[in-house]
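A short worksheet on the structure shown next.
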Amino acid sequence: MTINVGDKVPSATLMKMTADGPAPVATDELFGGRTVALFSVPGAFTPTCSAKHLPGFIEHADEIRARGVDEIVCISVNDVFVMGAWGKASGANEKVTLLADGNGDFVKAIGLTMDGTKFGMGVRGQRFSMLVKDGKVAQLNVEEPGAFKVSSAEYMVEQLG
């Protein structure tokens, strides 16, 4: 079942690359008592994700934060080393936190997987964005297959008003 606006984000463990190596990030701590702009990409270093999706959130990070968002998070079904390298290569730095959902457990739990096996990518997360306030989904924007509009940073800025 797909997560909906008003639903609590399920408990899961994502991974973050730190200066000391991989570190677990519990979704309960990530989302609890905070406002988080979360977006999901099908894969690090892939064309739309690298050329448009992540760069948009980097570019608009200050504007999104100024509208009440505590943290901007990008997730992908990639390993933590790939996400760490993508963060460095893209210049995400302190603007966007990149987290790995290595086994796809989080996107499975929220019902937003996509089958990329015909492209040799396996099961991945769909392209989407959501605004999470104190652990509950306040906004959810799921793209149609192959599309890139409603999950963009620009769209989120409009929603935040």
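Naming scheme: A, B, ... for chains in displayed order of the structure tokens; residues 1 onward per chain; ligands 1 onward as shown.
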
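By only C-alpha atoms, and with residues fewer than 4 positions from Leu38 (chain A) along its chain excluded, the set lying at most 9 Å from it is Glu71, Ile72, Val73, Cys74, Ile75, Phe128, Ser129, Met130, Leu131 and Val132 of chain A.
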
Output file for the residues above (N, CA and C atoms, as a PDB file, in the first residue's frame):
```pdb
ATOM      1  N   GLU A  71      15.634  20.292   7.145  1.00  0.00           N
ATOM      2  CA  GLU A  71      16.649  19.531   6.414  1.00  0.00           C
ATOM      3  C   GLU A  71      16.068  19.069   5.086  1.00  0.00           C
ATOM      4  N   ILE A  72      16.924  19.043   4.076  1.00  0.00           N
ATOM      5  CA  ILE A  72      16.561  18.524   2.758  1.00  0.00           C
ATOM      6  C   ILE A  72      17.323  17.221   2.571  1.00  0.00           C
ATOM      7  N   VAL A  73      16.592  16.158   2.253  1.00  0.00           N
ATOM      8  CA  VAL A  73      17.180  14.822   2.171  1.00  0.00           C
ATOM      9  C   VAL A  73      16.874  14.190   0.820  1.00  0.00           C
ATOM     10  N   CYS A  74      17.901  13.645   0.211  1.00  0.00           N
ATOM     11  CA  CYS A  74      17.760  12.875  -1.024  1.00  0.00           C
ATOM     12  C   CYS A  74      18.031  11.413  -0.693  1.00  0.00           C
ATOM     13  N   ILE A  75      17.128  10.519  -1.121  1.00  0.00           N
ATOM     14  CA  ILE A  75      17.358   9.089  -0.939  1.00  0.00           C
ATOM     15  C   ILE A  75      17.377   8.400  -2.295  1.00  0.00           C
ATOM     16  N   PHE A 128       9.989  10.786  -6.489  1.00  0.00           N
ATOM     17  CA  PHE A 128       8.945  11.475  -5.731  1.00  0.00           C
ATOM     18  C   PHE A 128       9.573  12.479  -4.794  1.00  0.00           C
ATOM     19  N   SER A 129       8.728  13.342  -4.245  1.00  0.00           N
ATOM     20  CA  SER A 129       9.140  14.207  -3.148  1.00  0.00           C
ATOM     21  C   SER A 129       8.023  14.198  -2.115  1.00  0.00           C
ATOM     22  N   MET A 130       8.396  14.478  -0.891  1.00  0.00           N
ATOM     23  CA  MET A 130       7.399  14.617   0.172  1.00  0.00           C
ATOM     24  C   MET A 130       7.909  15.592   1.214  1.00  0.00           C
ATOM     25  N   LEU A 131       6.969  16.232   1.845  1.00  0.00           N
ATOM     26  CA  LEU A 131       7.268  17.083   2.982  1.00  0.00           C
ATOM     27  C   LEU A 131       6.776  16.327   4.203  1.00  0.00           C
ATOM     28  N   VAL A 132       7.673  16.115   5.152  1.00  0.00           N
ATOM     29  CA  VAL A 132       7.337  15.366   6.361  1.00  0.00           C
ATOM     30  C   VAL A 132       7.429  16.323   7.545  1.00  0.00           C
TER      31      VAL A 132
END
```

Write out as a compact mmCIF listing (two decimals) with N, CA and C atoms, in the first residue's frame which residues come within 12 Å of Asp134 (chain A) when counting only C-alpha atoms, dropping same-chain ones fewer than 6 positions away.
```
# COMPACT_ATOMS: atom_id res chain seq x y z
N GLY A 6 -0.85 12.50 5.56
CA GLY A 6 -1.42 12.24 6.88
C GLY A 6 -0.88 10.98 7.53
N ASP A 7 -0.27 10.09 6.74
CA ASP A 7 0.29 8.85 7.30
C ASP A 7 1.61 9.12 8.01
N LYS A 8 1.88 8.29 9.02
CA LYS A 8 3.18 8.34 9.71
C LYS A 8 4.21 7.64 8.83
N VAL A 9 5.38 8.24 8.73
CA VAL A 9 6.47 7.62 7.98
C VAL A 9 6.94 6.40 8.77
N THR A 27 14.86 6.64 10.65
CA THR A 27 13.84 7.57 10.16
C THR A 27 13.06 8.21 11.31
N ASP A 28 12.89 7.50 12.42
CA ASP A 28 12.18 8.08 13.57
C ASP A 28 12.91 9.33 14.07
N GLU A 29 14.24 9.29 14.10
CA GLU A 29 15.02 10.44 14.54
C GLU A 29 15.10 11.51 13.45
N LEU A 30 15.22 11.08 12.20
CA LEU A 30 15.32 12.01 11.08
C LEU A 30 14.08 12.89 10.97
N PHE A 31 12.90 12.28 11.12
CA PHE A 31 11.65 13.00 10.90
C PHE A 31 10.95 13.47 12.17
N GLY A 32 11.31 12.92 13.31
CA GLY A 32 10.61 13.25 14.55
C GLY A 32 10.85 14.68 15.00
N GLY A 33 9.77 15.44 15.20
CA GLY A 33 9.86 16.80 15.72
C GLY A 33 10.49 17.80 14.77
N ARG A 34 10.55 17.46 13.49
CA ARG A 34 11.20 18.31 12.50
C ARG A 34 10.36 18.38 11.24
N THR A 35 10.72 19.32 10.36
CA THR A 35 10.13 19.41 9.03
C THR A 35 11.23 19.09 8.04
N VAL A 36 10.99 18.04 7.25
CA VAL A 36 12.01 17.55 6.32
C VAL A 36 11.43 17.48 4.92
N ALA A 37 12.17 18.03 3.96
CA ALA A 37 11.84 17.89 2.54
C ALA A 37 12.64 16.69 2.05
N VAL A 69 11.73 24.55 6.45
CA VAL A 69 12.24 23.18 6.35
C VAL A 69 13.57 23.09 7.10
N ASP A 70 13.67 22.11 7.99
CA ASP A 70 14.88 21.92 8.79
C ASP A 70 16.00 21.23 8.03
```

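Using only C-alpha atoms, the nearest neighbour of Gly84 (chain A) within the list A:Met17, A:Ala23, A:Ile110, A:Val5 is A:Met17.
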
Spatial neighbours of region 116-122 of chain A, 10 Å, only C-alpha atoms, chain gap at least 6 places, as number ranges by chain | A: 42-43, 77-78

Could you pull the residues within 12 Å of region 47-57 of chain A, counting only C-alpha atoms, minus those fewer than 2 positions along the same chain, as a PyMOL selection string?
-> chain A and resi 37-45+59-65+71-76+83+86-87+89-98+126-129+146-157

Running DSSP on the backbone, which parts of region 8-139 of chain A land in alpha helix (DSSP H), as a PyMOL selection string?
-> chain A and resi 27-31+47-48+54-59+61-66+80-90+105-109

Close residues, Phe81 (chain A) itself excluded, 9 Å, only C-alpha atoms, min 6 positions apart in chain, as an MDAnalysis selection string | chainID A and resid 16:17 21:22 100

Write to file, as a compact mmCIF listing (two decimals), in the first residue's frame, the residues of the selection just made, with N, CA and C atoms.
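Produced file out24.txt, reproduced below:
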```txt
# COMPACT_ATOMS: atom_id res chain seq x y z
N LYS A 16 24.16 6.93 5.93
CA LYS A 16 24.79 8.20 5.53
C LYS A 16 26.30 8.02 5.57
N MET A 17 26.98 8.55 4.56
CA MET A 17 28.44 8.54 4.57
C MET A 17 28.92 9.73 5.39
N GLY A 21 33.11 7.19 7.99
CA GLY A 21 32.57 6.02 7.29
C GLY A 21 31.06 5.97 7.38
N PRO A 22 30.46 4.86 6.93
CA PRO A 22 29.00 4.73 6.93
C PRO A 22 28.41 4.79 8.34
N ALA A 100 21.41 6.61 1.73
CA ALA A 100 21.26 5.38 0.97
C ALA A 100 20.17 4.50 1.57
```

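Distance-wise, CA of Asn103 (chain A) and CA of Ala26 (chain A) end up 14.8 Å apart.
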
So which residues touch Leu112 (chain A) within 10 Å, counting only C-alpha atoms, skipping near sequence neighbours fewer than 2 positions away, as a ChimeraX atom specification?
-> /A:1-3,40,104,106-110,114,124-128,142

Store the residues picked out above, limited to N, CA, C and O atoms, as a short mmCIF file (atom, residue, chain, number, x, y, z; two decimals), in the first residue's frame.
```cif
data_model
loop_
_atom_site.label_atom_id
_atom_site.label_comp_id
_atom_site.auth_asym_id
_atom_site.auth_seq_id
_atom_site.Cartn_x
_atom_site.Cartn_y
_atom_site.Cartn_z
N MET A 1 0.83 -1.18 0.00
CA MET A 1 0.00 0.00 0.00
C MET A 1 0.88 1.25 0.00
O MET A 1 1.85 1.34 0.74
N THR A 2 0.53 2.20 -0.83
CA THR A 2 1.31 3.44 -0.94
C THR A 2 0.98 4.38 0.22
O THR A 2 -0.18 4.54 0.59
N ILE A 3 2.00 5.00 0.75
CA ILE A 3 1.83 5.99 1.81
C ILE A 3 1.01 7.17 1.28
O ILE A 3 1.05 7.47 0.09
N SER A 40 13.21 11.44 -3.64
CA SER A 40 13.77 10.16 -4.04
C SER A 40 14.10 10.18 -5.51
O SER A 40 13.30 10.66 -6.33
N GLY A 104 16.46 -0.99 -0.42
CA GLY A 104 15.13 -0.54 -0.81
C GLY A 104 14.08 -0.77 0.26
O GLY A 104 12.88 -0.69 -0.03
N PHE A 106 13.11 1.11 2.78
CA PHE A 106 12.26 2.27 3.04
C PHE A 106 11.23 2.45 1.93
O PHE A 106 10.04 2.61 2.20
N VAL A 107 11.68 2.45 0.66
CA VAL A 107 10.72 2.65 -0.44
C VAL A 107 9.72 1.51 -0.53
O VAL A 107 8.57 1.72 -0.90
N LYS A 108 10.12 0.30 -0.14
CA LYS A 108 9.16 -0.82 -0.08
C LYS A 108 8.12 -0.54 1.00
O LYS A 108 6.93 -0.75 0.80
N ALA A 109 8.57 -0.07 2.17
CA ALA A 109 7.67 0.18 3.30
C ALA A 109 6.65 1.27 2.99
O ALA A 109 5.53 1.23 3.50
N ILE A 110 7.02 2.23 2.13
CA ILE A 110 6.07 3.30 1.78
C ILE A 110 5.34 3.02 0.47
O ILE A 110 4.54 3.84 0.01
N MET A 114 9.90 1.02 -7.90
CA MET A 114 9.74 0.89 -9.36
C MET A 114 10.61 -0.27 -9.81
O MET A 114 11.64 -0.55 -9.21
N ARG A 124 14.07 -0.26 -7.64
CA ARG A 124 14.53 1.03 -7.14
C ARG A 124 13.37 1.80 -6.53
O ARG A 124 12.23 1.35 -6.55
N GLY A 125 13.65 3.00 -6.06
CA GLY A 125 12.60 3.89 -5.59
C GLY A 125 12.08 4.72 -6.74
O GLY A 125 12.83 5.11 -7.62
N GLN A 126 10.79 4.99 -6.72
CA GLN A 126 10.20 5.89 -7.72
C GLN A 126 10.75 7.30 -7.49
O GLN A 126 11.25 7.64 -6.43
N ARG A 127 10.57 8.13 -8.50
CA ARG A 127 10.91 9.54 -8.36
C ARG A 127 9.73 10.22 -7.67
O ARG A 127 8.62 10.22 -8.17
N PHE A 128 9.99 10.79 -6.49
CA PHE A 128 8.95 11.48 -5.73
C PHE A 128 9.57 12.48 -4.79
O PHE A 128 10.78 12.48 -4.57
N VAL A 142 4.25 12.30 -6.37
CA VAL A 142 4.80 11.12 -7.05
C VAL A 142 4.74 11.34 -8.56
O VAL A 142 3.68 11.67 -9.10
#
```

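Nearest residue to Ser11 (chain A), choosing from A:Arg67, A:Lys136, A:Ala85, A:Asn141 and counting only C-alpha atoms: A:Lys136.
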
Members of region 37-149 of chain A assigned strand (DSSP E or B) by DSSP, as a ChimeraX atom specification | /A:37-40,71-76,97-100,113-115,123-125,128-133,136-142

Taken to one decimal, the CA of Gln159 (chain A)-CA of Ala66 (chain A) distance is 13.3 Å

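CA of Thr46 (chain A) is positioned 16.3 Å from CA of Glu143 (chain A).
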
Counting only C-alpha atoms, closest pick from A:Gly68, A:Pro10, A:Gly161, A:Gly135 relative to Gly111 (chain A) is A:Pro10

Give the answer as one residue: which of A:Val82, A:Val123, A:Leu160, A:Leu140 has the shortest atom-to-atom distance to Leu99 (chain A), using only C-alpha atoms?
-> A:Val82
